[in-house]
file protein-v1.tsv (TSV, C-alpha atoms)
chain	number	residue	atom	x	y	z
A	271	MET	CA	4.95	22.02	7.71
A	272	THR	CA	1.92	23.99	8.89
A	273	PRO	CA	-0.55	25.09	6.23
A	274	ILE	CA	-2.01	28.54	5.75
A	275	TYR	CA	-5.80	28.69	5.59
A	276	CYS	CA	-7.79	30.61	3.00
A	277	GLN	CA	-9.82	33.50	4.45
A	278	GLN	CA	-12.63	32.80	1.94
A	279	CYS	CA	-13.20	29.01	2.04
A	280	ASN	CA	-11.10	28.08	5.13
A	281	ARG	CA	-9.25	25.27	3.31
A	282	ALA	CA	-5.56	24.50	3.79
A	283	ASN	CA	-2.92	25.75	1.32
A	284	SER	CA	0.87	25.72	1.31
A	285	LEU	CA	2.75	28.57	2.96
A	286	GLU	CA	4.06	29.78	-0.42
A	287	ALA	CA	0.58	29.96	-2.03
A	288	LYS	CA	-0.43	33.32	-3.45
A	289	ARG	CA	-3.96	32.11	-4.35
A	290	CYS	CA	-6.15	29.43	-2.81
A	291	ILE	CA	-5.98	26.21	-4.83
A	292	TRP	CA	-9.62	25.49	-3.92
A	293	CYS	CA	-11.48	28.75	-4.56
A	294	GLY	CA	-8.92	31.01	-6.30
A	295	ALA	CA	-9.17	33.84	-3.76
A	296	PRO	CA	-5.92	35.65	-2.97
A	297	ILE	CA	-4.17	34.41	0.15
A	298	ILE	CA	-3.65	37.26	2.57
A	299	SER	CA	-0.65	36.64	4.75
A	300	GLN	CA	-1.29	37.07	8.45
A	301	ALA	CA	2.01	38.94	8.73
A	302	THR	CA	1.05	41.45	6.01
A	303	PRO	CA	-2.76	41.73	6.07
A	304	ASN	CA	-2.87	44.85	3.89
A	305	TRP	CA	-1.45	43.29	0.72
A	306	PHE	CA	-2.32	40.72	-1.89
A	307	GLN	CA	-1.07	40.14	-5.41
A	308	PRO	CA	-2.90	42.35	-7.96
A	309	THR	CA	-5.16	40.56	-10.42
A	310	SER	CA	-5.66	41.66	-14.01
A	311	VAL	CA	-8.19	40.23	-16.48
A	312	GLU	CA	-9.78	41.24	-19.77
A	313	ILE	CA	-13.57	41.43	-19.69
A	314	GLU	CA	-16.37	43.16	-21.60
A	315	TYR	CA	-17.70	46.38	-20.02
A	316	LEU	CA	-21.47	46.98	-20.31
A	317	ASP	CA	-22.60	49.94	-18.20
A	318	GLY	CA	-22.34	51.92	-14.97
A	319	ILE	CA	-19.19	54.05	-15.23
A	320	ALA	CA	-19.78	57.64	-16.35
A	321	ARG	CA	-16.41	57.99	-18.04
A	322	LEU	CA	-16.96	54.89	-20.21
A	323	LYS	CA	-20.04	55.47	-22.36
A	324	ASP	CA	-20.27	52.49	-24.72
A	325	PRO	CA	-19.80	48.76	-24.16
A	326	ALA	CA	-16.19	47.86	-24.94
A	327	PRO	CA	-13.48	45.39	-23.95
A	328	VAL	CA	-11.63	46.55	-20.84
A	329	ARG	CA	-8.91	45.38	-18.48
A	330	LEU	CA	-9.86	45.10	-14.80
A	331	THR	CA	-6.95	45.36	-12.40
A	332	ILE	CA	-7.85	44.59	-8.79
A	333	SER	CA	-5.35	45.60	-6.14
A	334	VAL	CA	-5.37	46.76	-2.52
A	335	GLU	CA	-6.01	50.34	-3.68
A	336	GLY	CA	-9.16	49.35	-5.58
A	337	ILE	CA	-10.28	48.45	-9.08
A	338	GLU	CA	-8.86	50.10	-12.18
A	339	VAL	CA	-10.93	49.80	-15.36
A	340	THR	CA	-8.93	50.55	-18.53
A	341	GLU	CA	-10.24	50.45	-22.10
A	342	LEU	CA	-8.23	48.27	-24.48
A	343	MET	CA	-8.95	50.30	-27.60
A	344	PRO	CA	-6.74	53.19	-28.82
A	345	GLY	CA	-7.33	56.43	-26.94
A	346	SER	CA	-7.79	54.37	-23.81
A	347	ARG	CA	-9.72	55.88	-20.97
A	348	SER	CA	-9.47	54.55	-17.46
A	349	GLU	CA	-11.44	54.85	-14.26
A	350	LYS	CA	-10.40	53.97	-10.72
A	351	ILE	CA	-12.89	52.65	-8.16
A	352	GLU	CA	-11.34	53.18	-4.74
A	353	ALA	CA	-11.30	50.14	-2.44
A	354	GLY	CA	-13.10	52.04	0.33
A	355	SER	CA	-16.03	52.86	-1.95
A	356	ILE	CA	-16.76	49.27	-3.08
A	357	ILE	CA	-19.91	47.89	-1.47
A	358	GLU	CA	-20.33	44.44	-3.04
A	359	ALA	CA	-19.78	42.25	-6.10
A	360	ARG	CA	-22.45	39.95	-7.52
A	361	VAL	CA	-22.44	37.29	-10.24
A	362	VAL	CA	-25.42	36.42	-12.44
A	363	ASP	CA	-25.58	33.53	-14.90
A	364	ALA	CA	-27.52	35.05	-17.82
A	365	SER	CA	-26.81	32.17	-20.17
A	366	ALA	CA	-29.57	30.95	-22.46
A	367	VAL	CA	-30.16	27.59	-24.10
A	368	VAL	CA	-31.13	27.68	-27.78
A	369	GLU	CA	-33.15	24.67	-28.80
A	370	GLY	CA	-31.66	22.68	-31.66
A	371	GLU	CA	-33.68	22.60	-34.84
A	372	ARG	CA	-34.72	19.61	-36.90
A	373	VAL	CA	-32.57	19.12	-39.97
A	374	ARG	CA	-33.14	16.90	-43.00
A	375	PRO	CA	-30.51	16.04	-45.59
A	376	ARG	CA	-31.02	17.55	-49.06
A	377	TRP	CA	-31.72	14.16	-50.58
A	378	TRP	CA	-34.59	13.62	-48.10
A	379	TRP	CA	-37.09	15.39	-50.32
A	380	PHE	CA	-36.02	13.50	-53.44
A	381	ALA	CA	-36.20	10.11	-51.72
A	382	PHE	CA	-39.59	10.51	-50.07
A	383	GLY	CA	-41.31	13.23	-52.11
A	384	PRO	CA	-44.31	14.87	-50.40
A	385	LEU	CA	-44.17	12.17	-47.71
A	386	ALA	CA	-40.90	13.81	-46.47
A	387	LEU	CA	-42.96	16.49	-44.70
A	388	ALA	CA	-44.64	13.88	-42.48
A	389	ILE	CA	-41.35	12.31	-41.34
A	390	PRO	CA	-39.45	14.43	-38.79
A	391	GLY	CA	-35.78	15.10	-39.43
A	392	LYS	CA	-32.88	14.61	-37.05
A	393	GLN	CA	-32.95	16.82	-33.93
A	394	GLN	CA	-29.80	18.91	-33.51
A	395	PRO	CA	-28.48	19.23	-29.93
A	396	ASP	CA	-29.39	22.26	-27.83
A	397	VAL	CA	-26.72	24.96	-27.69
A	398	LYS	CA	-25.90	27.02	-24.61
A	399	GLN	CA	-25.08	30.67	-25.26
A	400	HIS	CA	-22.79	31.57	-22.35
A	401	ASP	CA	-23.21	34.96	-20.66
A	402	TYR	CA	-21.91	35.60	-17.13
A	403	ILE	CA	-22.44	39.04	-15.60
A	404	LEU	CA	-20.35	40.67	-12.85
A	405	THR	CA	-21.94	43.66	-11.09
A	406	ILE	CA	-19.78	45.81	-8.81
A	407	LYS	CA	-21.76	48.11	-6.54
A	408	TYR	CA	-19.78	51.15	-5.41
A	409	ARG	CA	-20.25	54.59	-3.91
A	410	SER	CA	-19.26	57.74	-5.79
A	411	GLY	CA	-19.86	60.84	-3.71
A	412	ASP	CA	-23.41	60.56	-2.36
A	413	GLU	CA	-24.60	58.25	-5.14
A	414	ILE	CA	-24.44	54.48	-5.47
A	415	HIS	CA	-23.56	53.05	-8.89
A	416	ASN	CA	-23.41	49.58	-10.43
A	417	ALA	CA	-20.55	48.85	-12.83
A	418	VAL	CA	-21.59	45.93	-15.04
A	419	PHE	CA	-19.21	43.60	-16.91
A	420	HIS	CA	-19.66	40.24	-18.63
A	421	ARG	CA	-17.91	37.28	-20.26
A	422	GLN	CA	-19.50	35.25	-23.05
A	423	ASP	CA	-17.37	32.14	-23.19
A	424	ARG	CA	-17.40	28.72	-21.57
A	425	SER	CA	-14.75	29.65	-18.97
A	426	GLY	CA	-16.50	32.96	-18.20
A	427	LEU	CA	-18.28	31.68	-15.10
A	428	ALA	CA	-15.03	30.66	-13.40
A	429	VAL	CA	-13.42	34.00	-14.30
A	430	VAL	CA	-16.36	36.11	-13.10
A	431	GLU	CA	-16.81	34.12	-9.88
A	432	GLY	CA	-13.07	34.40	-9.19
A	433	LEU	CA	-13.21	38.18	-9.64
A	434	SER	CA	-16.20	38.35	-7.30
A	435	ARG	CA	-14.29	36.39	-4.62
A	436	ILE	CA	-11.25	38.65	-4.97
A	437	ILE	CA	-13.41	41.78	-4.65
A	438	SER	CA	-15.16	40.27	-1.61
A	439	THR	CA	-11.73	39.63	-0.06
A	440	LEU	CA	-10.79	43.25	-0.75
A	441	ILE	CA	-14.00	44.42	0.97
A	442	GLN	CA	-13.30	42.16	3.96
A	443	MET	CA	-9.74	43.52	4.21
A	444	ARG	CA	-11.01	47.10	4.25
A	445	THR	CA	-13.70	46.26	6.80
A	446	SER	CA	-11.23	44.54	9.14
A	447	GLU	CA	-8.79	47.43	8.67
A	448	LEU	CA	-11.45	49.92	9.76
A	449	GLU	CA	-12.35	47.77	12.78
A	450	ARG	CA	-8.68	47.65	13.86
A	451	LYS	CA	-8.26	51.43	13.81
A	452	PRO	CA	-8.82	52.91	17.26
A	453	SER	CA	-11.65	55.33	17.65
A	454	ASN	CA	-10.84	58.94	18.53
A	455	ARG	CA	-13.93	59.23	20.72
A	456	THR	CA	-13.76	59.19	24.49
A	457	ASP	CA	-16.11	57.30	26.80
A	458	ASP	CA	-17.95	60.57	27.58
A	459	GLU	CA	-19.09	60.88	23.96
A	460	PHE	CA	-21.11	57.66	24.10

call {"tool": "encode", "arguments": {"input": "protein-v1.tsv", "output": "structure tokens"}}
result
Amino acid sequence: MTPIYCQQCNRANSLEAKRCIWCGAPIISQATPNWFQPTSVEIEYLDGIARLKDPAPVRLTISVEGIEVTELMPGSRSEKIEAGSIIEARVVDASAVVEGERVRPRWWWFAFGPLALAIPGKQQPDVKQHDYILTIKYRSGDEIHNAVFHRQDRSGLAVVEGLSRIISTLIQMRTSELERKPSNRTDDEF
């Protein structure tokens, strides 16, 4: 059995694979280069789309046609970013570490009296506040916009990086599709 290789990380996968087992990018079949399985994920919208004013939870659906952003709240609005207008997708780890504070039991003061202030309490462990930001740069008319989304959970980094890889694959597909189209210019025009 011959494997199929991922276009993103170049690692081997089975012929039936829809996504790379190594990097999560969609596997684009060589026989049908203009299709991959649509991906849908819930994520928090922050800014960058005129139709969506306030931060809210949204559903991103990435397909060959582009990215559809749909609000999850009642009265849902949606916005479509065409695949040909997407320029790039970037991921930023904006997580912060909050230093743990020193804590003393309640009985500490009664046991040691004023001397309790001189003895440090037990140090609590540092806590990481997860925040992973996905920025999608796209063209709308003559202007360039940045749609910004984020996840604030432990698995958020894997989700956001996976979305970035899928969007990069979509951009590569569109770029290779444009390169394959024959030019209508003749040799005299060069």

call {"tool": "closest_residue", "arguments": {"input": "protein-v1.tsv", "among": "A:Leu322, A:Ile274, A:Ile437, A:Ile332", "to": "A:Val361", "atoms": "all atoms listed in the file"}}
result
A:Ile437

call {"tool": "atom_distance", "arguments": {"input": "protein-v1.tsv", "atom1": "atom CA of A:Glu358", "atom2": "atom CA of A:Glu335"}}
result
15.5 Å

call {"tool": "closest_residue", "arguments": {"input": "protein-v1.tsv", "among": "A:Trp292, A:Tyr402, A:Phe419, A:Tyr275", "to": "A:Ile313", "atoms": "only C-alpha atoms"}}
result
A:Phe419

call {"tool": "closest_residue", "arguments": {"input": "protein-v1.tsv", "among": "A:Val328, A:Ala353, A:Ala287, A:Glu312", "to": "A:Ser410", "atoms": "only C-alpha atoms"}}
result
A:Ala353

call {"tool": "closest_residue", "arguments": {"input": "protein-v1.tsv", "among": "A:Gly354, A:Gly294, A:Pro273, A:Pro327", "to": "A:His420", "atoms": "only C-alpha atoms"}}
result
A:Pro327

call {"tool": "atom_distance", "arguments": {"input": "protein-v1.tsv", "atom1": "atom CA of A:Tyr408", "atom2": "atom CA of A:Arg360"}}
result
11.7 Å

call {"tool": "closest_residue", "arguments": {"input": "protein-v1.tsv", "among": "A:Ser333, A:Ala364, A:Ala417, A:Ala320", "to": "A:Thr405", "atoms": "all atoms listed in the file"}}
result
A:Ala417

call {"tool": "closest_residue", "arguments": {"input": "protein-v1.tsv", "among": "A:Cys290, A:Ala326, A:Val367, A:Ile357", "to": "A:Lys407", "atoms": "all atoms listed in the file"}}
result
A:Ile357
